[in-house]
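K.L.:
Data: run.cif, mmCIF, C-alpha atoms and all ligand atoms.
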data_run
loop_
_atom_site.label_atom_id
_atom_site.label_comp_id
_atom_site.auth_asym_id
_atom_site.auth_seq_id
_atom_site.Cartn_x
_atom_site.Cartn_y
_atom_site.Cartn_z
CA MET A 1 18.69 0.64 -19.23
CA LYS A 2 15.02 -0.26 -19.52
CA ILE A 3 12.69 -0.97 -16.60
CA LEU A 4 9.16 -2.38 -16.35
CA VAL A 5 6.66 -1.33 -13.70
CA VAL A 6 3.61 -3.61 -13.39
CA GLY A 7 0.32 -1.98 -12.39
CA SER A 8 -1.97 0.94 -13.20
CA GLY A 9 -2.54 2.89 -9.99
CA GLY A 10 -1.18 5.92 -8.22
CA ARG A 11 1.44 3.76 -6.54
CA GLU A 12 2.79 2.63 -9.91
CA HIS A 13 2.74 6.16 -11.33
CA ALA A 14 4.80 7.33 -8.33
CA LEU A 15 7.28 4.43 -8.65
CA ALA A 16 7.70 4.99 -12.39
CA TRP A 17 8.05 8.77 -11.87
CA LYS A 18 10.81 8.22 -9.33
CA LEU A 19 12.62 5.56 -11.41
CA ALA A 20 12.49 7.90 -14.42
CA GLN A 21 14.55 10.49 -12.54
CA SER A 22 17.58 8.23 -12.77
CA GLU A 23 20.09 9.29 -15.38
CA ARG A 24 20.71 5.68 -16.24
CA VAL A 25 17.22 5.04 -17.47
CA GLN A 26 16.37 4.96 -21.13
CA THR A 27 12.69 3.92 -21.01
CA ILE A 28 10.30 2.86 -18.31
CA PHE A 29 7.42 0.71 -19.45
CA VAL A 30 4.28 0.69 -17.34
CA ALA A 31 1.90 -2.24 -17.77
CA PRO A 32 -0.85 -1.28 -18.27
CA GLY A 33 -0.34 2.23 -16.82
CA ASN A 34 -2.89 5.06 -16.76
CA GLY A 35 -3.64 8.52 -18.14
CA GLY A 36 -0.78 10.03 -16.15
CA THR A 37 1.96 7.61 -17.14
CA VAL A 38 0.96 7.92 -20.80
CA GLN A 39 1.54 11.70 -20.72
CA ASP A 40 5.07 11.48 -19.33
CA PRO A 41 7.57 11.29 -22.22
CA ARG A 42 9.95 9.16 -20.12
CA LEU A 43 7.27 6.49 -19.59
CA LYS A 44 5.56 4.17 -22.05
CA ASN A 45 2.30 2.33 -21.39
CA ILE A 46 1.97 -1.22 -22.67
CA ALA A 47 -1.39 -2.98 -22.76
CA LEU A 48 -0.29 -6.26 -21.17
CA THR A 49 -1.26 -7.82 -17.84
CA ASP A 50 -0.65 -11.57 -18.22
CA SER A 51 2.58 -12.72 -16.51
CA VAL A 52 3.78 -14.89 -19.39
CA ALA A 53 3.10 -12.15 -21.95
CA LEU A 54 4.99 -9.70 -19.74
CA ALA A 55 7.95 -12.06 -19.41
CA ASP A 56 8.00 -12.46 -23.22
CA PHE A 57 7.96 -8.67 -23.58
CA VAL A 58 10.80 -8.26 -21.08
CA GLU A 59 12.94 -10.76 -23.00
CA LYS A 60 12.17 -9.19 -26.35
CA GLU A 61 12.88 -5.63 -25.17
CA GLN A 62 15.85 -6.67 -23.03
CA ILE A 63 14.44 -5.01 -19.95
CA SER A 64 16.89 -5.17 -17.04
CA LEU A 65 14.52 -5.02 -14.11
CA THR A 66 10.82 -5.39 -13.27
CA VAL A 67 9.07 -3.86 -10.26
CA VAL A 68 5.58 -5.08 -9.34
CA GLY A 69 3.09 -2.71 -7.71
CA PRO A 70 -0.16 -4.56 -6.84
CA GLU A 71 -0.82 -7.72 -4.83
CA VAL A 72 -2.94 -9.56 -7.39
CA PRO A 73 -0.13 -10.44 -9.86
CA LEU A 74 2.18 -11.23 -6.93
CA ALA A 75 -0.33 -13.62 -5.38
CA ALA A 76 -0.82 -15.20 -8.81
CA GLY A 77 2.92 -15.91 -9.09
CA ILE A 78 4.38 -13.35 -11.52
CA VAL A 79 7.69 -13.49 -9.62
CA ASN A 80 7.83 -17.28 -9.99
CA VAL A 81 7.24 -16.99 -13.75
CA PHE A 82 9.99 -14.37 -14.17
CA ARG A 83 12.53 -16.16 -11.97
CA GLU A 84 12.06 -19.45 -13.80
CA ARG A 85 13.14 -17.60 -16.91
CA GLY A 86 16.09 -15.92 -15.19
CA LEU A 87 14.52 -12.44 -15.34
CA LYS A 88 15.22 -9.92 -12.58
CA ILE A 89 12.10 -8.89 -10.71
CA PHE A 90 11.52 -7.25 -7.34
CA GLY A 91 8.64 -8.76 -5.39
CA PRO A 92 7.72 -11.84 -3.35
CA SER A 93 7.11 -15.28 -4.83
CA LYS A 94 3.56 -16.61 -4.82
CA GLU A 95 4.39 -18.59 -1.67
CA ALA A 96 5.81 -15.56 0.16
CA ALA A 97 2.88 -13.38 -0.99
CA GLN A 98 0.62 -15.54 1.19
CA LEU A 99 1.52 -13.15 4.00
CA GLU A 100 -1.02 -10.90 2.28
CA SER A 101 -3.12 -13.28 0.19
CA SER A 102 -4.19 -15.46 3.14
CA LYS A 103 -5.09 -13.87 6.46
CA ASP A 104 -5.06 -17.35 8.03
CA PHE A 105 -1.51 -17.94 6.75
CA ALA A 106 -0.39 -14.57 8.16
CA LYS A 107 -2.05 -15.12 11.53
CA SER A 108 -0.72 -18.62 12.08
CA PHE A 109 2.72 -17.42 10.92
CA MET A 110 2.65 -14.61 13.49
CA GLN A 111 1.50 -16.94 16.23
CA ARG A 112 4.23 -19.47 15.42
CA HIS A 113 6.94 -16.82 15.50
CA ALA A 114 5.61 -14.84 18.48
CA ILE A 115 4.99 -11.67 16.46
CA PRO A 116 2.58 -9.35 18.31
CA THR A 117 -0.90 -9.38 16.76
CA ALA A 118 -4.56 -9.63 17.80
CA GLU A 119 -5.80 -12.93 19.24
CA TYR A 120 -7.78 -14.88 16.61
CA LYS A 121 -9.40 -18.07 15.35
CA THR A 122 -10.11 -19.24 11.79
CA PHE A 123 -13.45 -20.74 10.70
CA SER A 124 -15.06 -22.27 7.67
CA ASP A 125 -18.01 -23.66 9.65
CA LEU A 126 -20.85 -21.15 9.98
CA ALA A 127 -22.28 -22.37 13.29
CA ALA A 128 -18.87 -22.51 14.95
CA ALA A 129 -18.11 -18.95 13.80
CA HIS A 130 -21.40 -17.65 15.23
CA GLU A 131 -20.73 -19.44 18.48
CA TYR A 132 -17.25 -17.94 18.79
CA ILE A 133 -18.67 -14.43 18.26
CA ALA A 134 -21.36 -15.01 20.89
CA GLN A 135 -18.69 -16.16 23.30
CA LYS A 136 -16.24 -13.28 22.63
CA GLY A 137 -18.74 -10.40 22.30
CA ALA A 138 -18.37 -7.10 20.41
CA PRO A 139 -16.47 -5.15 19.24
CA ILE A 140 -14.85 -7.87 17.18
CA VAL A 141 -13.26 -8.04 13.72
CA ILE A 142 -14.24 -10.41 10.89
CA LYS A 143 -11.80 -10.89 8.00
CA ALA A 144 -12.18 -12.87 4.79
CA ASP A 145 -9.17 -15.15 4.42
CA GLY A 146 -8.42 -14.27 0.78
CA LEU A 147 -7.82 -11.12 -1.26
CA ALA A 148 -11.02 -9.08 -1.44
CA ALA A 149 -9.89 -5.72 -2.85
CA GLY A 150 -10.35 -3.92 0.45
CA LYS A 151 -13.84 -5.33 1.09
CA GLY A 152 -12.81 -8.27 3.24
CA VAL A 153 -12.59 -6.69 6.68
CA VAL A 154 -15.57 -5.83 8.89
CA VAL A 155 -14.80 -4.06 12.15
CA ALA A 156 -18.03 -4.96 13.95
CA MET A 157 -18.99 -2.65 16.78
CA SER A 158 -22.11 -4.72 17.59
CA LEU A 159 -22.89 -8.43 17.77
CA GLU A 160 -25.52 -7.97 15.07
CA GLU A 161 -22.93 -6.56 12.67
CA ALA A 162 -20.50 -9.37 13.49
CA HIS A 163 -23.04 -12.13 12.88
CA GLY A 164 -24.11 -10.37 9.68
CA ALA A 165 -20.50 -10.24 8.41
CA VAL A 166 -20.02 -13.95 9.01
CA ASP A 167 -23.27 -14.72 7.17
CA MET A 168 -22.23 -12.47 4.28
CA MET A 169 -18.90 -14.28 3.88
CA LEU A 170 -19.57 -17.90 4.87
CA SER A 171 -23.19 -18.42 3.95
CA ASP A 172 -24.11 -15.87 1.25
CA ASN A 173 -20.66 -16.22 -0.40
CA LYS A 174 -20.65 -12.50 -1.21
CA LEU A 175 -16.85 -12.54 -1.51
CA GLY A 176 -16.59 -15.86 -3.36
CA ASP A 177 -13.63 -18.07 -2.52
CA ALA A 178 -11.90 -15.23 -0.64
CA GLY A 179 -14.62 -15.47 2.01
CA ALA A 180 -14.88 -19.26 2.21
CA ARG A 181 -12.79 -19.08 5.37
CA VAL A 182 -12.86 -16.25 7.88
CA VAL A 183 -10.47 -15.05 10.54
CA ILE A 184 -12.26 -13.68 13.59
CA GLU A 185 -10.03 -11.55 15.75
CA GLU A 186 -9.87 -9.36 18.79
CA PHE A 187 -10.63 -5.66 18.25
CA LEU A 188 -7.56 -3.50 18.81
CA ALA A 189 -7.87 0.17 19.76
CA GLY A 190 -5.26 2.80 18.98
CA GLU A 191 -3.68 4.66 16.11
CA GLU A 192 -2.63 3.01 12.84
CA ALA A 193 0.65 3.46 10.98
CA SER A 194 2.11 1.93 7.84
CA PHE A 195 5.56 0.44 8.27
CA ILE A 196 7.15 -0.40 4.93
CA VAL A 197 10.56 -1.97 4.29
CA MET A 198 12.41 -3.45 1.34
CA VAL A 199 13.69 -7.00 1.76
CA ASP A 200 16.23 -8.73 -0.49
CA GLY A 201 15.82 -12.15 1.14
CA LYS A 202 18.20 -11.33 3.97
CA ASN A 203 18.81 -7.61 4.35
CA ILE A 204 16.09 -5.17 5.39
CA LEU A 205 15.97 -1.54 4.32
CA PRO A 206 13.23 0.53 6.00
CA LEU A 207 11.54 3.25 3.97
CA ALA A 208 10.35 6.54 5.46
CA THR A 209 7.39 6.17 7.82
CA SER A 210 3.85 6.97 6.74
CA GLN A 211 0.22 6.97 7.75
CA ASP A 212 -2.89 6.77 5.64
CA HIS A 213 -6.58 7.61 6.08
CA LYS A 214 -8.83 4.63 5.37
CA ARG A 215 -12.27 6.17 5.82
CA LEU A 216 -14.04 8.02 3.03
CA MET A 217 -15.05 11.13 4.92
CA ASP A 218 -13.62 13.80 7.20
CA ASN A 219 -13.20 12.93 10.90
CA ASP A 220 -12.60 9.30 9.89
CA GLU A 221 -16.28 8.73 9.17
CA GLY A 222 -18.00 6.76 6.41
CA PRO A 223 -17.01 3.49 4.78
CA ASN A 224 -13.51 2.01 4.60
CA THR A 225 -11.67 2.65 1.34
CA GLY A 226 -8.31 1.72 -0.17
CA GLY A 227 -7.01 4.95 1.36
CA MET A 228 -8.08 8.59 0.92
CA GLY A 229 -4.74 10.20 1.65
CA ALA A 230 -1.36 9.58 3.26
CA TYR A 231 1.62 11.46 4.51
CA SER A 232 5.22 10.89 5.37
CA PRO A 233 6.84 11.02 7.87
CA ALA A 234 4.38 9.77 10.52
CA PRO A 235 5.20 11.57 13.80
CA ILE A 236 3.71 8.70 15.85
CA VAL A 237 6.59 6.47 14.74
CA THR A 238 9.31 7.87 17.00
CA PRO A 239 12.88 6.53 16.70
CA GLN A 240 12.19 4.36 19.77
CA LEU A 241 9.01 2.91 18.29
CA HIS A 242 10.79 2.40 14.97
CA ALA A 243 13.50 0.34 16.65
CA ARG A 244 10.90 -1.68 18.51
CA VAL A 245 8.86 -2.45 15.39
CA MET A 246 12.01 -3.58 13.61
CA ARG A 247 13.01 -5.78 16.56
CA GLU A 248 9.60 -7.24 17.44
CA ILE A 249 7.83 -7.40 14.08
CA ILE A 250 9.91 -6.87 10.95
CA VAL A 251 13.09 -8.82 11.73
CA PRO A 252 11.19 -11.82 13.20
CA THR A 253 8.95 -11.82 10.12
CA VAL A 254 11.81 -11.90 7.62
CA GLN A 255 13.73 -14.47 9.67
CA GLY A 256 10.59 -16.51 10.36
CA MET A 257 9.77 -16.76 6.65
CA ALA A 258 13.31 -17.93 5.94
CA LYS A 259 13.08 -20.50 8.75
CA ASP A 260 9.80 -21.77 7.30
CA GLY A 261 11.58 -22.23 3.97
CA ILE A 262 9.89 -19.33 2.16
CA VAL A 263 12.48 -16.61 1.60
CA PHE A 264 10.81 -13.20 1.41
CA THR A 265 11.91 -10.65 -1.17
CA GLY A 266 10.07 -7.48 -2.10
CA PHE A 267 8.34 -4.68 -0.27
CA LEU A 268 6.99 -5.77 3.11
CA TYR A 269 4.30 -3.59 4.61
CA ALA A 270 3.17 -4.13 8.18
CA GLY A 271 -0.07 -2.36 9.04
CA LEU A 272 0.35 -1.46 12.70
CA MET A 273 -2.03 -0.58 15.50
CA ILE A 274 -0.26 1.40 18.22
CA ASP A 275 -2.09 1.47 21.55
CA ASP A 276 -2.26 4.34 24.06
CA HIS A 277 0.90 3.10 25.76
CA GLY A 278 2.83 3.04 22.49
CA ASN A 279 2.80 -0.76 22.08
CA PRO A 280 2.64 -1.87 18.43
CA LYS A 281 0.70 -4.86 17.11
CA THR A 282 0.43 -6.12 13.56
CA LEU A 283 -3.01 -5.72 11.98
CA GLU A 284 -1.98 -7.16 8.65
CA PHE A 285 0.87 -7.69 6.24
CA ASN A 286 0.95 -6.52 2.67
CA CYS A 287 3.57 -7.89 0.31
CA ARG A 288 3.80 -4.66 -1.69
CA MET A 289 3.95 -0.93 -1.16
CA GLY A 290 0.90 0.91 0.10
CA ASP A 291 -1.35 2.99 -2.10
CA PRO A 292 -1.50 5.96 -1.40
CA GLU A 293 1.52 5.75 0.98
CA THR A 294 3.89 5.27 -1.97
CA GLN A 295 3.00 8.66 -3.43
CA PRO A 296 4.25 10.83 -0.51
CA ILE A 297 7.13 8.41 0.20
CA MET A 298 8.42 8.61 -3.39
CA ALA A 299 7.99 12.38 -3.36
CA ARG A 300 10.47 12.48 -0.44
CA LEU A 301 13.02 9.94 -1.70
CA LYS A 302 16.24 11.59 -2.85
CA THR A 303 18.30 8.48 -3.56
CA ASP A 304 18.29 7.06 -7.10
CA LEU A 305 15.59 4.38 -7.00
CA VAL A 306 17.15 2.43 -9.88
CA HIS A 307 20.30 2.04 -7.79
CA VAL A 308 18.22 0.85 -4.82
CA MET A 309 16.26 -1.63 -6.96
CA GLU A 310 19.43 -3.11 -8.44
CA HIS A 311 20.76 -3.80 -4.96
CA ALA A 312 17.37 -5.18 -3.96
CA VAL A 313 17.34 -7.80 -6.74
CA ASN A 314 21.04 -8.62 -6.21
CA GLY A 315 20.74 -9.22 -2.45
CA THR A 316 22.97 -6.29 -1.44
CA LEU A 317 20.55 -3.90 0.22
CA ASP A 318 22.94 -3.76 3.20
CA THR A 319 25.16 -1.45 1.15
CA VAL A 320 22.38 1.08 0.48
CA GLU A 321 21.57 4.15 2.52
CA LEU A 322 18.47 6.11 1.68
CA GLU A 323 18.35 9.87 1.70
CA TRP A 324 15.05 11.62 2.32
CA ASP A 325 13.75 15.11 1.73
CA ARG A 326 13.34 16.48 5.26
CA ARG A 327 10.02 18.07 4.37
CA THR A 328 6.63 16.50 5.01
CA ALA A 329 4.84 15.09 1.98
CA MET A 330 1.05 15.07 2.10
CA GLY A 331 -0.97 13.09 -0.45
CA VAL A 332 -4.66 13.89 -0.92
CA VAL A 333 -6.69 11.38 -2.94
CA MET A 334 -9.41 12.66 -5.26
CA ALA A 335 -11.95 9.88 -5.84
CA ALA A 336 -14.77 9.39 -8.33
CA ALA A 337 -18.43 10.05 -7.57
CA GLY A 338 -19.91 6.92 -5.98
CA TYR A 339 -16.56 5.60 -4.67
CA PRO A 340 -16.04 3.15 -2.99
CA ASP A 341 -19.16 1.12 -3.86
CA THR A 342 -20.06 2.23 -7.39
CA PRO A 343 -17.47 4.63 -8.82
CA ARG A 344 -18.79 6.54 -11.82
CA LYS A 345 -16.65 6.44 -14.92
CA GLY A 346 -16.32 8.89 -17.78
CA ASP A 347 -16.22 12.27 -16.04
CA VAL A 348 -13.76 14.64 -17.71
CA ILE A 349 -10.82 15.86 -15.62
CA THR A 350 -9.42 19.36 -16.11
CA GLY A 351 -7.06 21.76 -14.38
CA ILE A 352 -4.16 19.54 -13.31
CA PRO A 353 -1.24 21.96 -12.97
CA PRO A 354 2.32 20.97 -13.89
CA GLU A 355 4.63 19.59 -11.22
CA THR A 356 6.51 22.14 -9.07
CA PRO A 357 9.09 21.71 -6.27
CA GLU A 358 6.14 21.92 -3.84
CA SER A 359 3.64 19.61 -5.52
CA VAL A 360 3.13 16.72 -7.89
CA THR A 361 -0.06 14.99 -9.03
CA PHE A 362 -0.05 11.23 -9.50
CA HIS A 363 -2.76 9.55 -11.57
CA ALA A 364 -4.66 6.36 -10.72
CA GLY A 365 -8.10 5.80 -12.29
CA THR A 366 -7.56 7.97 -15.37
CA ALA A 367 -7.24 7.43 -19.11
CA LEU A 368 -6.35 9.75 -21.97
CA ALA A 369 -8.37 9.38 -25.16
CA ASP A 370 -8.79 11.89 -28.00
CA GLY A 371 -6.92 14.47 -25.96
CA LYS A 372 -9.38 14.16 -23.08
CA LEU A 373 -8.48 12.93 -19.64
CA THR A 374 -11.33 10.94 -18.07
CA VAL A 375 -12.16 9.05 -14.89
CA THR A 376 -11.85 5.26 -15.22
CA GLY A 377 -11.80 4.06 -11.62
CA GLY A 378 -12.45 4.71 -7.94
CA ARG A 379 -9.39 6.56 -6.85
CA VAL A 380 -8.64 9.03 -9.61
CA LEU A 381 -5.69 11.20 -8.53
CA CYS A 382 -3.37 11.66 -5.59
CA VAL A 383 -2.09 15.21 -5.20
CA VAL A 384 1.09 15.41 -3.13
CA GLY A 385 2.16 18.65 -1.47
CA LEU A 386 5.55 19.15 0.17
CA GLY A 387 6.38 21.62 2.91
CA ASP A 388 8.68 22.33 5.84
CA THR A 389 5.78 21.79 8.24
CA VAL A 390 2.77 19.49 8.15
CA LYS A 391 0.60 22.57 7.73
CA LEU A 392 2.56 23.87 4.77
CA ALA A 393 2.58 20.47 3.06
CA GLN A 394 -1.18 20.34 3.53
CA LYS A 395 -1.59 23.87 2.15
CA HIS A 396 0.45 23.05 -0.94
CA ALA A 397 -1.56 19.88 -1.58
CA TYR A 398 -4.97 21.53 -1.20
CA GLU A 399 -4.01 24.53 -3.36
CA VAL A 400 -3.55 22.05 -6.21
CA VAL A 401 -6.63 19.98 -5.35
CA GLU A 402 -8.74 23.13 -5.62
CA LYS A 403 -7.51 23.79 -9.16
CA ILE A 404 -8.52 20.33 -10.40
CA HIS A 405 -12.04 19.65 -11.56
CA PHE A 406 -14.18 16.64 -12.41
CA ASN A 407 -17.87 16.15 -11.72
CA GLY A 408 -18.62 14.45 -8.44
CA ALA A 409 -15.01 14.54 -7.16
CA GLN A 410 -14.79 13.36 -3.55
CA TYR A 411 -11.88 14.20 -1.30
CA ARG A 412 -11.23 14.66 2.38
CA ARG A 413 -10.41 18.12 3.68
CA ASP A 414 -8.60 16.92 6.78
CA ILE A 415 -5.74 14.74 5.50
CA GLY A 416 -2.90 14.95 8.01
CA TRP A 417 -4.98 15.86 11.05
CA ARG A 418 -3.26 13.39 13.36
CA ALA A 419 0.19 14.63 12.39
CA MET A 420 -1.01 18.22 12.78
CA ASN A 421 -2.27 17.54 16.32
CA LYS A 422 1.03 15.95 17.29
CA LYS A 423 3.31 18.60 15.87
CA HIS A 424 1.52 21.83 16.71
P1 LIG A 501 -6.64 -5.03 7.25
O1 LIG A 501 -6.92 -5.17 5.77
O2 LIG A 501 -6.49 -6.32 7.94
O3 LIG A 501 -5.58 -4.02 7.56
O4 LIG A 501 -7.93 -4.30 7.82
C1 LIG A 501 -8.42 -3.10 7.27
C2 LIG A 501 -8.67 -2.09 8.34
O5 LIG A 501 -9.54 -2.63 9.33
C3 LIG A 501 -7.40 -1.74 9.12
O6 LIG A 501 -6.66 -0.74 8.48
C4 LIG A 501 -8.01 -1.26 10.43
O7 LIG A 501 -8.50 0.05 10.32
C5 LIG A 501 -9.17 -2.19 10.61
N1 LIG A 501 -8.78 -3.35 11.44
C6 LIG A 501 -8.25 -4.53 11.01
N2 LIG A 501 -8.02 -5.37 12.04
C7 LIG A 501 -8.41 -4.73 13.16
C8 LIG A 501 -8.41 -5.08 14.56
N3 LIG A 501 -8.00 -6.28 14.98
N4 LIG A 501 -8.87 -4.15 15.42
C9 LIG A 501 -9.33 -2.95 15.00
N5 LIG A 501 -9.35 -2.56 13.71
C10 LIG A 501 -8.91 -3.43 12.80
N1 LIG A 502 -3.18 2.15 1.92
C1 LIG A 502 -3.39 0.85 2.36
C2 LIG A 502 -2.89 -0.20 1.48
O1 LIG A 502 -2.21 0.03 0.50
O2 LIG A 502 -3.21 -1.36 1.74
#
Translate the structure of the given file into structure tokens.
Ligand code: AMP
Ligand code: GLY

P.N.:
Amino acid sequence: MKILVVGSGGREHALAWKLAQSERVQTIFVAPGNGGTVQDPRLKNIALTDSVALADFVEKEQISLTVVGPEVPLAAGIVNVFRERGLKIFGPSKEAAQLESSKDFAKSFMQRHAIPTAEYKTFSDLAAAHEYIAQKGAPIVIKADGLAAGKGVVVAMSLEEAHGAVDMMLSDNKLGDAGARVVIEEFLAGEEASFIVMVDGKNILPLATSQDHKRLMDNDEGPNTGGMGAYSPAPIVTPQLHARVMREIIVPTVQGMAKDGIVFTGFLYAGLMIDDHGNPKTLEFNCRMGDPETQPIMARLKTDLVHVMEHAVNGTLDTVELEWDRRTAMGVVMAAAGYPDTPRKGDVITGIPPETPESVTFHAGTALADGKLTVTGGRVLCVVGLGDTVKLAQKHAYEVVEKIHFNGAQYRRDIGWRAMNKKH
């Protein structure tokens, strides 16, 4: 059979890599793909991004199943376009994707269905927003309502920063329409975890737990990024906490969406903040898998992903059991010079070793031209190491990272530190 993966990042490379391991697969198309997917003989890049053009391609090539990686095509309605034409696709409809594409939608949904989250208020009026901040004090969190490619959240530690963030979004329109409304919410302290499940409309299948590192530099310093590294499993998510998150957050979300008349299908990602007493609250929802969480999660998945996806689009996820590699997988992101603000393109990448049972390198912002692999975007590679302990997984990842070279490469040297502190 043929499969289409939509997207061009490390997440999509990892999904396509895992799907390609199925014996039932003939070709996996990746649209548009990157310099890693183009080098894998089982994968084929196609230079299409428009939903209608992709649906035409799927019909012409008789592709059985489409999996969507990023939020932008989901929020734009690619699933609606495919379903109208009777094509099988795994992801949420445009309406269901609002859980990610509108922070105000997600917050009012959580409030309506009593799902634990930070207290909040939504504003489009500048003066009212400033007044609310003055009344609540700092620290406080300002979020653009719409999709802002990771730039829409300001965790303001001071009042000055908070007022500045509101001005940036509501008055200077720095984020365009995405920032025309802002959610202002209570600051939550604690440790974050990524909780990702697959939903077929009714049944919920949790994936292995994971945690990522949002800040650019070691010790969680520097600016927020899309994620500088991630690992699976996340020791903070104990079996007890897992059960509680399912009961208090995930199940009420899936049932609440259905009650509201918007059936959710696709990957559902709850970004959690877990306080010192082990109580989880929802920071945000994503309607897709995480990047870079997908890379270590896929490296650990033993079950045939094609089989899982077929059940996911047919509404029979209740019959699927996932098998995981018991080892820890540690993904270290290598980013371009200047990332996250002004990533430099064009640097030549060398030294990527072939995959081994202990490591695999997924590409993101790369392209292959004239036999040369070059940097084309912010996050360039995600090197995943596997090992029986957190420490060993980390060692295997960094041994590979040190072999790879491109000018100005930025990477953290402490990916996995929280897991390391918990386990040893
Ligand atoms: P979000 O896109 O909503 O997950 O926000 C991006 C990052 O901002 C999160 O991963 C957290 O690190 C941080 N953040 C978001 N909301 C809060 C909050 N209410 N309290 C503290 N930190 C937050
Ligand atoms: N790694 C965070 C995200 O995918 O949103």

K.L.:
Would you kindly identify which residues have an atom no farther than 12 Å from (-7.6, 20.2, -7.7), using all atoms listed in the file and the file's own coordinates, and write them out as a VMD selection string?

P.N.:
chain A and resid 332 to 335 349 to 354 359 to 362 380 to 385 396 to 407 409 to 411 413

K.L.:
Residues as selected, C-alpha atoms, written as a compact mmCIF listing (two decimals), in the coordinates of the input, can you do that?

P.N.:
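Output saved as result_8.txt:
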# COMPACT_ATOMS: atom_id res chain seq x y z
CA VAL A 332 -4.66 13.89 -0.92
CA VAL A 333 -6.69 11.38 -2.94
CA MET A 334 -9.41 12.66 -5.26
CA ALA A 335 -11.95 9.88 -5.84
CA ILE A 349 -10.82 15.86 -15.62
CA THR A 350 -9.42 19.36 -16.11
CA GLY A 351 -7.06 21.76 -14.38
CA ILE A 352 -4.16 19.54 -13.31
CA PRO A 353 -1.24 21.96 -12.97
CA PRO A 354 2.32 20.97 -13.89
CA SER A 359 3.64 19.61 -5.52
CA VAL A 360 3.13 16.72 -7.89
CA THR A 361 -0.06 14.99 -9.03
CA PHE A 362 -0.05 11.23 -9.50
CA VAL A 380 -8.64 9.03 -9.61
CA LEU A 381 -5.69 11.20 -8.53
CA CYS A 382 -3.37 11.66 -5.59
CA VAL A 383 -2.09 15.21 -5.20
CA VAL A 384 1.09 15.41 -3.13
CA GLY A 385 2.16 18.65 -1.47
CA HIS A 396 0.45 23.05 -0.94
CA ALA A 397 -1.56 19.88 -1.58
CA TYR A 398 -4.97 21.53 -1.20
CA GLU A 399 -4.01 24.53 -3.36
CA VAL A 400 -3.55 22.05 -6.21
CA VAL A 401 -6.63 19.98 -5.35
CA GLU A 402 -8.74 23.13 -5.62
CA LYS A 403 -7.51 23.79 -9.16
CA ILE A 404 -8.52 20.33 -10.40
CA HIS A 405 -12.04 19.65 -11.56
CA PHE A 406 -14.18 16.64 -12.41
CA ASN A 407 -17.87 16.15 -11.72
CA ALA A 409 -15.01 14.54 -7.16
CA GLN A 410 -14.79 13.36 -3.55
CA TYR A 411 -11.88 14.20 -1.30
CA ARG A 413 -10.41 18.12 3.68

K.L.:
Which residues are near ligand LIG 501 (chain A) - at most 8 Å, using only C-alpha atoms and all ligand atoms? Format: as a compact mmCIF listing (two decimals) with C-alpha atoms, in the frame of the given file.

P.N.:
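Result file is selection-v4.txt:
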# COMPACT_ATOMS: atom_id res chain seq x y z
CA LYS A 103 -5.09 -13.87 6.46
CA THR A 117 -0.90 -9.38 16.76
CA ALA A 118 -4.56 -9.63 17.80
CA ILE A 140 -14.85 -7.87 17.18
CA VAL A 141 -13.26 -8.04 13.72
CA LYS A 143 -11.80 -10.89 8.00
CA GLY A 150 -10.35 -3.92 0.45
CA GLY A 152 -12.81 -8.27 3.24
CA VAL A 153 -12.59 -6.69 6.68
CA VAL A 154 -15.57 -5.83 8.89
CA VAL A 155 -14.80 -4.06 12.15
CA GLU A 185 -10.03 -11.55 15.75
CA GLU A 186 -9.87 -9.36 18.79
CA PHE A 187 -10.63 -5.66 18.25
CA LEU A 188 -7.56 -3.50 18.81
CA ALA A 189 -7.87 0.17 19.76
CA GLU A 192 -2.63 3.01 12.84
CA LYS A 214 -8.83 4.63 5.37
CA ASN A 224 -13.51 2.01 4.60
CA GLY A 271 -0.07 -2.36 9.04
CA MET A 273 -2.03 -0.58 15.50
CA LEU A 283 -3.01 -5.72 11.98
CA GLU A 284 -1.98 -7.16 8.65
CA PHE A 285 0.87 -7.69 6.24

K.L.:
Could you check which of A:Glu221, A:Asp200, A:Asp212, A:Asp347 is closest to ligand LIG 502 (chain A), using all atoms listed in the file?

P.N.:
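When distances to ligand LIG 502 (chain A) are compared using all atoms listed in the file, the smallest one comes from A:Asp212.
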
K.L.:
Hey, what's within 12 Å of Leu74 of chain A if we count all atoms listed in the file and toss same-chain stuff fewer than 5 positions away? As a ChimeraX atom specification, please?

P.N.:
/A:6-7,49-51,67-69,79-82,89-101,147,265-267,286-289

K.L.:
Just give me the residues with any atom within 6 Å of (10.2, 7.0, -20.2), file coordinates, counting only C-alpha atoms, written as an MDAnalysis selection string.

P.N.:
chainID A and resid 27:28 41:44

K.L.:
Which residues are near Asp145 of chain A? Cut-off 9 Å, all atoms listed in the file, ignore same chain within fewer than 5 positions. Put them as a ChimeraX atom specification.

P.N.:
/A:101-105,122,152,177-183

K.L.:
How far is it from atom CA of Pro70 of chain A to atom C2 of ligand LIG 502 (chain A), in Å with one decimal?

P.N.:
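Answer for the atom CA of Pro70 of chain A to atom C2 of ligand LIG 502 (chain A) separation: 9.8 Å.
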
K.L.:
As a list of chain:residue names, please: the residues near Glu248 of chain A (cut-off 9 Å, only C-alpha atoms, same-chain neighbours under 6 positions excluded).

P.N.:
A:Ala114, A:Ile115, A:Pro116, A:Pro280

K.L.:
Quick one, how far is atom CA of Val313 of chain A from atom CA of Val30 of chain A?

P.N.:
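The value is 18.8 Å.
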
K.L.:
Restricting the calculation to only C-alpha atoms, which member of A:Val306, A:Ile78, A:Met257, A:Ile249 is positioned closest to Ala20 of chain A?

P.N.:
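For Ala20 of chain A, the nearest of the candidates is A:Val306.
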